[in-house]
file final_35.cif (mmCIF, C-alpha atoms and all ligand atoms)
data_target
#
loop_
_atom_site.label_atom_id
_atom_site.label_comp_id
_atom_site.auth_asym_id
_atom_site.auth_seq_id
_atom_site.Cartn_x
_atom_site.Cartn_y
_atom_site.Cartn_z
CA MET A 1 0.00 0.00 0.00
CA SER A 2 1.55 3.29 -0.98
CA SER A 3 1.09 6.08 1.51
CA GLU A 4 0.98 9.83 1.49
CA LEU A 5 4.63 9.75 2.57
CA GLU A 6 5.64 8.18 -0.71
CA ARG A 7 4.68 11.39 -2.46
CA ILE A 8 7.88 12.80 -0.99
CA LYS A 9 10.62 12.54 -3.61
CA GLY A 10 13.20 9.99 -2.49
CA VAL A 11 10.82 8.18 -0.14
CA GLY A 12 10.17 4.62 -1.22
CA LYS A 13 8.47 1.78 0.61
CA ASP A 14 11.36 1.27 3.03
CA ALA A 15 11.81 4.88 3.99
CA ALA A 16 8.06 5.32 4.31
CA SER A 17 7.75 2.45 6.74
CA LYS A 18 10.75 3.73 8.74
CA LEU A 19 9.08 7.11 8.99
CA ARG A 20 5.76 5.60 9.96
CA ARG A 21 7.34 3.44 12.65
CA ALA A 22 8.93 6.56 14.11
CA GLY A 23 5.50 8.21 14.24
CA TYR A 24 5.66 10.41 11.13
CA THR A 25 2.62 9.66 9.07
CA THR A 26 2.06 12.88 7.17
CA ILE A 27 4.13 15.13 4.93
CA GLU A 28 3.57 18.00 7.36
CA ALA A 29 5.04 16.02 10.23
CA VAL A 30 8.20 15.31 8.26
CA ALA A 31 8.49 18.88 7.04
CA VAL A 32 8.49 20.44 10.49
CA THR A 33 10.85 17.97 12.15
CA PRO A 34 14.42 19.14 12.77
CA LEU A 35 17.09 17.16 10.98
CA LYS A 36 18.79 15.71 14.05
CA GLU A 37 15.51 14.53 15.47
CA LEU A 38 14.50 12.79 12.26
CA MET A 39 17.90 11.08 12.06
CA LYS A 40 17.69 9.91 15.63
CA SER A 41 14.14 8.62 15.48
CA THR A 42 14.39 6.85 12.12
CA GLY A 43 18.03 5.81 12.10
CA MET A 44 18.50 7.45 8.69
CA GLY A 45 21.79 9.02 7.70
CA GLU A 46 22.21 12.77 7.52
CA GLU A 47 22.19 13.06 3.75
CA LYS A 48 19.06 11.00 3.30
CA ALA A 49 17.16 12.61 6.17
CA SER A 50 18.07 16.09 5.05
CA LYS A 51 16.92 15.40 1.50
CA ILE A 52 13.62 13.97 2.71
CA ILE A 53 12.93 17.01 4.89
CA ASP A 54 13.74 19.35 2.00
CA GLU A 55 11.47 17.49 -0.37
CA ALA A 56 8.67 17.38 2.20
CA ARG A 57 9.01 21.13 2.64
CA LYS A 58 8.82 21.64 -1.09
CA LEU A 59 5.59 19.66 -1.19
CA MET A 60 4.17 21.75 1.63
CA GLY A 61 5.28 24.81 -0.31
CA PHE A 62 5.42 26.98 2.74
CA SER A 63 8.66 28.75 2.00
CA PHE A 64 7.21 31.07 -0.61
CA LEU A 65 3.59 31.94 -0.87
CA ARG A 66 1.84 34.54 -2.94
CA ALA A 67 0.16 37.19 -0.82
CA SER A 68 -3.07 36.37 -2.62
CA GLU A 69 -2.82 32.77 -1.35
CA LEU A 70 -2.02 34.05 2.10
CA TYR A 71 -5.12 36.21 1.89
CA GLU A 72 -7.19 33.20 0.84
CA ARG A 73 -5.77 31.17 3.73
CA ARG A 74 -6.61 33.95 6.18
CA ARG A 75 -10.15 34.00 4.88
CA ARG A 76 -10.56 30.40 5.96
CA MET A 77 -9.73 31.44 9.52
CA ILE A 78 -12.65 30.95 11.90
CA ARG A 79 -13.21 31.97 15.51
CA CYS A 80 -14.39 29.92 18.44
CA THR A 81 -16.58 31.48 21.07
CA THR A 82 -15.24 31.27 24.62
CA GLY A 83 -18.79 31.14 25.95
CA CYS A 84 -18.27 34.59 27.41
CA GLY A 85 -19.29 37.64 25.34
CA ASN A 86 -16.77 39.98 26.95
CA LEU A 87 -13.86 37.64 26.25
CA ASP A 88 -15.08 37.09 22.69
CA ARG A 89 -15.25 40.82 22.03
CA MET A 90 -11.78 41.32 23.47
CA LEU A 91 -10.49 38.59 21.13
CA GLY A 92 -12.12 40.16 18.09
CA GLY A 93 -14.86 37.50 18.03
CA GLY A 94 -13.29 34.49 19.74
CA VAL A 95 -10.23 32.28 19.65
CA GLU A 96 -8.74 32.15 16.14
CA THR A 97 -7.79 29.15 14.07
CA GLN A 98 -4.38 29.28 12.33
CA ALA A 99 -3.06 30.97 15.46
CA MET A 100 -1.82 30.24 18.94
CA THR A 101 -3.50 32.01 21.84
CA GLU A 102 -1.71 32.06 25.19
CA LEU A 103 -3.53 32.44 28.50
CA ILE A 104 -1.20 33.80 31.16
CA GLY A 105 -1.82 34.23 34.86
CA ASP A 106 -1.26 33.32 38.46
CA TYR A 107 -2.64 30.08 39.91
CA GLY A 108 -6.42 29.95 40.21
CA VAL A 109 -7.18 32.86 37.88
CA GLY A 110 -9.23 30.64 35.59
CA LYS A 111 -6.94 29.54 32.75
CA THR A 112 -8.03 25.91 33.00
CA GLN A 113 -11.66 26.98 33.38
CA ILE A 114 -11.46 28.90 30.10
CA CYS A 115 -9.82 25.91 28.39
CA MET A 116 -12.49 23.50 29.62
CA THR A 117 -15.26 25.87 28.49
CA LEU A 118 -13.59 26.23 25.10
CA SER A 119 -13.47 22.44 24.80
CA VAL A 120 -17.25 22.46 25.02
CA MET A 121 -17.84 25.47 22.77
CA ALA A 122 -15.48 24.33 19.99
CA GLN A 123 -17.80 21.42 19.27
CA LEU A 124 -20.79 23.65 18.53
CA PRO A 125 -21.87 24.26 14.95
CA ARG A 126 -20.44 27.30 13.19
CA ASP A 127 -23.69 29.28 13.46
CA LYS A 128 -23.52 28.85 17.27
CA GLY A 129 -19.98 30.17 17.40
CA GLY A 130 -18.19 26.81 17.44
CA LEU A 131 -15.65 25.20 15.17
CA GLU A 132 -17.70 22.06 14.45
CA GLY A 133 -14.82 19.85 15.41
CA ASN A 134 -13.29 17.72 18.10
CA VAL A 135 -10.83 18.76 20.77
CA ILE A 136 -7.48 17.52 21.96
CA TYR A 137 -6.66 18.43 25.54
CA VAL A 138 -3.03 17.94 26.51
CA ASP A 139 -3.09 18.00 30.29
CA THR A 140 0.29 18.34 31.98
CA GLU A 141 -0.91 18.83 35.53
CA GLY A 142 -3.90 16.53 35.74
CA THR A 143 -6.28 19.45 36.18
CA PHE A 144 -8.72 18.64 33.38
CA ILE A 145 -11.84 17.44 35.17
CA ALA A 146 -14.38 15.48 33.14
CA ASP A 147 -17.14 16.08 35.74
CA ARG A 148 -16.62 19.79 35.41
CA VAL A 149 -16.90 19.63 31.61
CA TYR A 150 -20.06 17.55 32.05
CA GLU A 151 -21.44 20.30 34.30
CA ILE A 152 -20.51 23.10 31.87
CA ALA A 153 -22.10 21.28 28.92
CA SER A 154 -25.33 20.44 30.84
CA ASN A 155 -25.72 23.99 32.07
CA ARG A 156 -25.40 25.21 28.52
CA GLY A 157 -28.23 22.91 27.40
CA LEU A 158 -25.93 20.52 25.54
CA ASP A 159 -25.67 16.76 25.64
CA PRO A 160 -22.81 16.30 28.11
CA GLU A 161 -21.96 12.77 27.07
CA LYS A 162 -21.66 13.75 23.44
CA ILE A 163 -19.45 16.66 24.40
CA LEU A 164 -17.17 14.43 26.49
CA ASP A 165 -16.95 12.03 23.56
CA GLY A 166 -15.65 14.86 21.42
CA ILE A 167 -12.68 15.56 23.70
CA ILE A 168 -9.54 13.49 23.40
CA TRP A 169 -7.60 13.81 26.64
CA ALA A 170 -3.87 13.21 26.70
CA ARG A 171 -2.09 13.31 30.01
CA ALA A 172 1.58 14.31 29.61
CA TYR A 173 3.80 13.18 32.44
CA THR A 174 7.11 14.78 31.45
CA SER A 175 8.29 17.37 28.95
CA ASP A 176 9.55 14.59 26.66
CA HIS A 177 6.19 12.90 26.85
CA GLN A 178 4.48 16.20 26.09
CA CYS A 179 6.70 16.67 23.01
CA LEU A 180 5.92 13.17 21.81
CA ILE A 181 2.22 13.88 22.10
CA ILE A 182 2.64 17.11 20.13
CA ASP A 183 4.49 15.20 17.37
CA HIS A 184 1.62 12.76 17.26
CA LEU A 185 -0.91 15.54 16.76
CA PHE A 186 0.05 15.87 13.10
CA LYS A 187 -1.48 12.44 12.65
CA VAL A 188 -4.39 12.60 15.07
CA CYS A 189 -5.76 16.05 14.22
CA PRO A 190 -6.70 15.37 10.60
CA GLU A 191 -7.88 11.83 11.42
CA GLU A 192 -10.17 12.94 14.22
CA ASN A 193 -11.34 16.26 12.76
CA VAL A 194 -9.74 18.17 15.61
CA LYS A 195 -10.40 21.90 15.51
CA LEU A 196 -9.08 22.92 18.94
CA VAL A 197 -5.85 21.84 20.62
CA VAL A 198 -5.31 22.86 24.25
CA VAL A 199 -1.97 22.49 26.00
CA ASP A 200 -2.52 23.17 29.71
CA SER A 201 0.14 24.09 30.70
CA MET A 202 2.74 24.44 27.99
CA ILE A 203 5.57 25.13 30.34
CA SER A 204 5.13 23.50 33.74
CA HIS A 205 7.19 20.38 32.93
CA PHE A 206 9.92 22.42 31.29
CA ARG A 207 10.16 24.64 34.35
CA GLY A 208 10.21 21.71 36.70
CA GLU A 209 12.78 19.64 34.83
CA TYR A 210 15.32 22.14 33.58
CA ILE A 211 16.35 23.84 36.74
CA GLY A 212 19.96 25.01 36.57
CA ARG A 213 21.14 28.06 34.72
CA GLU A 214 23.30 25.92 32.45
CA GLU A 215 20.20 24.02 31.29
CA LEU A 216 18.25 27.09 30.34
CA ALA A 217 19.47 27.31 26.76
CA ASP A 218 18.53 23.67 26.11
CA ARG A 219 15.13 24.17 27.64
CA GLN A 220 14.42 27.28 25.60
CA GLN A 221 15.53 25.61 22.40
CA LYS A 222 13.23 22.67 22.92
CA LEU A 223 10.35 24.86 24.01
CA ASN A 224 10.84 27.01 20.93
CA MET A 225 10.82 24.01 18.64
CA TYR A 226 7.57 22.66 20.06
CA LEU A 227 5.83 26.02 20.14
CA HIS A 228 6.59 26.38 16.45
CA LYS A 229 5.33 22.90 15.77
CA LEU A 230 2.05 23.85 17.41
CA LEU A 231 1.80 26.98 15.33
CA ARG A 232 2.53 24.99 12.20
CA LEU A 233 -0.18 22.52 13.21
CA ALA A 234 -2.66 25.39 13.59
CA GLU A 235 -1.83 26.66 10.13
CA ALA A 236 -1.68 23.30 8.40
CA TYR A 237 -5.08 22.12 9.65
CA ASN A 238 -6.88 25.43 10.19
CA LEU A 239 -7.36 24.74 13.87
CA ALA A 240 -7.06 26.81 17.06
CA VAL A 241 -4.26 26.23 19.54
CA VAL A 242 -4.67 27.51 23.08
CA ILE A 243 -1.86 27.15 25.60
CA THR A 244 -1.57 28.25 29.20
CA ASN A 245 1.38 29.82 30.95
CA GLN A 246 2.16 30.85 34.48
CA VAL A 247 3.73 34.03 35.80
CA HIS A 248 6.69 34.73 38.00
CA THR A 249 6.95 37.88 40.05
CA ASN A 250 9.86 40.20 40.25
CA PRO A 251 9.68 41.78 43.69
CA ALA A 252 12.63 44.02 42.87
CA GLN A 253 10.65 45.83 40.21
CA PRO A 254 9.89 49.32 41.58
CA TYR A 255 6.79 50.14 39.51
CA GLY A 256 4.41 48.65 36.94
CA ASN A 257 3.07 45.13 36.99
CA PRO A 258 5.60 42.86 38.74
CA GLU A 259 4.07 39.73 37.12
CA HIS A 260 5.95 38.36 34.14
CA PRO A 261 4.92 35.48 31.90
CA THR A 262 7.37 32.56 32.15
CA GLY A 263 9.18 31.22 29.10
CA GLY A 264 10.90 34.49 28.21
CA HIS A 265 11.29 35.70 24.66
CA VAL A 266 10.77 32.28 23.14
CA MET A 267 7.23 32.17 24.48
CA ALA A 268 6.60 35.82 23.71
CA HIS A 269 7.60 35.49 20.07
CA ALA A 270 5.91 32.19 19.28
CA CYS A 271 2.42 33.01 20.55
CA THR A 272 0.13 34.99 18.27
CA HIS A 273 -2.14 36.52 20.89
CA ARG A 274 -1.15 36.82 24.55
CA VAL A 275 -3.87 37.27 27.17
CA HIS A 276 -3.04 38.14 30.75
CA ILE A 277 -5.61 37.29 33.43
CA ARG A 278 -5.77 38.61 36.98
CA ARG A 279 -8.21 38.59 39.85
CA GLY A 280 -10.70 41.49 39.91
CA LYS A 281 -13.13 42.73 42.55
CA LYS A 282 -15.84 40.51 44.08
CA GLY A 283 -14.45 37.28 42.68
CA THR A 284 -14.40 38.49 39.09
CA ARG A 285 -11.45 38.03 36.74
CA VAL A 286 -10.00 40.59 34.37
CA ALA A 287 -8.38 39.52 31.11
CA LYS A 288 -6.31 41.83 28.95
CA ILE A 289 -4.62 41.49 25.58
CA ILE A 290 -0.94 42.17 26.25
CA ASP A 291 0.54 41.30 22.89
CA SER A 292 -1.10 40.74 19.52
CA PRO A 293 -0.32 41.71 15.94
CA TYR A 294 -3.72 43.36 15.45
CA LEU A 295 -5.96 43.12 18.52
CA PRO A 296 -6.05 46.31 20.59
CA GLU A 297 -5.09 46.13 24.28
CA ASN A 298 -8.69 45.67 25.38
CA LYS A 299 -9.87 44.28 28.70
CA ALA A 300 -12.67 41.86 29.53
CA THR A 301 -14.28 41.08 32.86
CA PHE A 302 -15.58 37.57 33.46
CA LYS A 303 -16.57 35.22 36.24
CA ILE A 304 -16.33 31.49 36.79
CA THR A 305 -19.73 29.83 37.14
CA GLU A 306 -21.60 26.58 36.58
CA LYS A 307 -21.51 27.43 32.87
CA GLY A 308 -17.72 27.66 32.85
CA VAL A 309 -16.81 31.26 32.12
CA GLU A 310 -19.40 34.01 31.73
CA ASP A 311 -19.69 37.78 31.51
CA ALA A 312 -19.33 39.80 34.70
CA GLU A 313 -19.90 43.50 35.37
CA GLU A 314 -16.85 45.64 34.83
CA GLU A 315 -14.88 46.60 37.93
N1 LIG A 401 -18.07 25.15 39.36
C1 LIG A 401 -17.41 26.28 39.69
N2 LIG A 401 -18.06 27.40 39.95
C2 LIG A 401 -17.42 28.52 40.27
N3 LIG A 401 -16.07 28.62 40.36
C3 LIG A 401 -15.36 27.54 40.09
C4 LIG A 401 -15.97 26.30 39.72
N4 LIG A 401 -15.00 25.40 39.51
C5 LIG A 401 -13.84 26.04 39.72
N5 LIG A 401 -14.03 27.32 40.07
C6 LIG A 401 -13.02 28.33 40.40
O1 LIG A 401 -12.01 28.34 39.42
C7 LIG A 401 -10.78 28.73 40.02
C8 LIG A 401 -9.65 27.84 39.52
O2 LIG A 401 -9.41 28.21 38.21
P1 LIG A 401 -8.39 27.41 37.30
O3 LIG A 401 -8.20 26.04 37.78
O4 LIG A 401 -8.87 27.62 35.92
O5 LIG A 401 -7.05 28.23 37.56
P2 LIG A 401 -5.73 28.23 36.70
O6 LIG A 401 -5.56 29.62 36.20
O7 LIG A 401 -5.78 27.15 35.71
O8 LIG A 401 -4.62 27.95 37.81
P3 LIG A 401 -3.26 27.07 37.78
O9 LIG A 401 -2.19 28.01 37.33
O10 LIG A 401 -3.10 26.65 39.18
O11 LIG A 401 -3.49 25.94 36.84
C9 LIG A 401 -10.93 28.64 41.51
O12 LIG A 401 -10.99 29.96 42.00
C10 LIG A 401 -12.26 27.94 41.67
O13 LIG A 401 -12.93 28.43 42.77
MG MG A 402 -4.78 25.36 35.50
#

call {"tool": "encode", "arguments": {"input": "final_35.cif", "output": "structure tokens"}}
result
Amino acid sequence: MSSELERIKGVGKDAASKLRRAGYTTIEAVAVTPLKELMKSTGMGEEKASKIIDEARKLMGFSFLRASELYERRRRMIRCTTGCGNLDRMLGGGVETQAMTELIGDYGVGKTQICMTLSVMAQLPRDKGGLEGNVIYVDTEGTFIADRVYEIASNRGLDPEKILDGIIWARAYTSDHQCLIIDHLFKVCPEENVKLVVVDSMISHFRGEYIGREELADRQQKLNMYLHKLLRLAEAYNLAVVITNQVHTNPAQPYGNPEHPTGGHVMAHACTHRVHIRRGKKGTRVAKIIDSPYLPENKATFKITEKGVEDAEEE
């Protein structure tokens, strides 16, 4: 049986089965894999692996693109409602496909609550603000709670069992495991009609495992690689990627907001839209766009309820 992989020039039956065994089942997956990684996982020599990656990239044709094609691609972009009007307005209509949206904030501000609500909303039909697709939830901290999603779906008048069926949960136990899952997404997303990928949290394992100063460069390099894979996934399959990130505080800072997103420049550059969330008055939460190529720095007030996240009165 000849596979999609055999469309890559230089890939015959043997090479295709080597690639498949290593978990690369699509041209996209091969195209976005760094040379060393492909060599290591398939056992191929440098010359062969490098040629295959080049040819896969040519097939993807993402090096040069006419602006008119780019415009067409952008027009296919759709937005997913968060279930909260204020947040949707702040985001220009909802969470975008072909982009990566980062939710940043201190513990308990509601990042996971937004992600769980999105996992429900993404499954709605387009005319209800959804993406009409399934969801992958990469859970690094074990904080995805099926009962809670059941509650959110029921309180929104949806069939909770159907909604839970539409969410593929992947628990990642280490950063390596998380990366492996992300690699696998290039296969699973098209097969399962996935329209929303959540990684909650993108960085906790990286922070926990790479501790010393001397390990920082390695950590950032790997983080960078996987963030770009996620972005590539969003573009290749017209799906939305939402990741969460924590903050660290700099008590020495004399003025301004002492909270800084973790992950440094690598995180800042890879994410399309960055949303900071903090606690507001009377249990509300305040979200704000802190970095985006075209969304203004708007704010949105929301609260966490039995429906997930909902509008709240402004502070
Ligand atoms: N059913 C519910 N109704 C109202 N509030 C709820 C409900 N379930 C959870 N919450 C609130 O959600 C908050 C926790 O939010 P969440 O777990 O999304 O935080 P987080 O930003 O993901 O934090 P962390 O960085 O620790 O992962 C708590 O304040 C909790 O009280
Ligand atoms: Mg959380």

call {"tool": "closest_residue", "arguments": {"input": "final_35.cif", "among": "A:Met39, A:Cys179, A:Ala22, A:Met100", "to": "A:Lys222", "atoms": "all atoms listed in the file"}}
result
A:Cys179

call {"tool": "closest_residue", "arguments": {"input": "final_35.cif", "among": "A:Thr249, A:Thr244, A:Asn155, A:Ser3", "to": "A:Cys115", "atoms": "only C-alpha atoms"}}
result
A:Thr244

call {"tool": "residues_near_ligand", "arguments": {"input": "final_35.cif", "ligand": "ligand LIG 401 (chain A)", "cutoff": "10 Å", "atoms": "only C-alpha atoms and all ligand atoms", "output": "VMD selection string"}}
result
chain A and resid 103 to 117 140 to 145 147 to 149 151 to 152 200 to 201 204 244 to 247 277 to 279 283 to 285 303 to 309

call {"tool": "atom_distance", "arguments": {"input": "final_35.cif", "atom1": "atom CA of A:Lys13", "atom2": "atom CA of A:Leu185"}}
result
23.2 Å

call {"tool": "atom_distance", "arguments": {"input": "final_35.cif", "atom1": "atom CA of A:Lys40", "atom2": "atom CA of A:Met202"}}
result
24.2 Å

call {"tool": "residues_around", "arguments": {"input": "final_35.cif", "residues": "stretch 261-276 of chain A", "least_positions_apart": "6", "cutoff": "10 Å", "atoms": "all atoms listed in the file", "output": "number ranges by chain"}}
result
A: 90-91, 95-96, 98-106, 109, 111, 202-204, 206-207, 219-231, 241-249, 286-295, 297-299

call {"tool": "residues_around", "arguments": {"input": "final_35.cif", "residues": "A:Leu131", "least_positions_apart": "3", "cutoff": "9 Å", "atoms": "only C-alpha atoms", "output": "count of residues only"}}
result
17

call {"tool": "closest_residue", "arguments": {"input": "final_35.cif", "among": "A:Leu158, A:Leu233, A:Val138, A:Ile8", "to": "ligand MG 402 (chain A)", "atoms": "all atoms listed in the file"}}
result
A:Val138
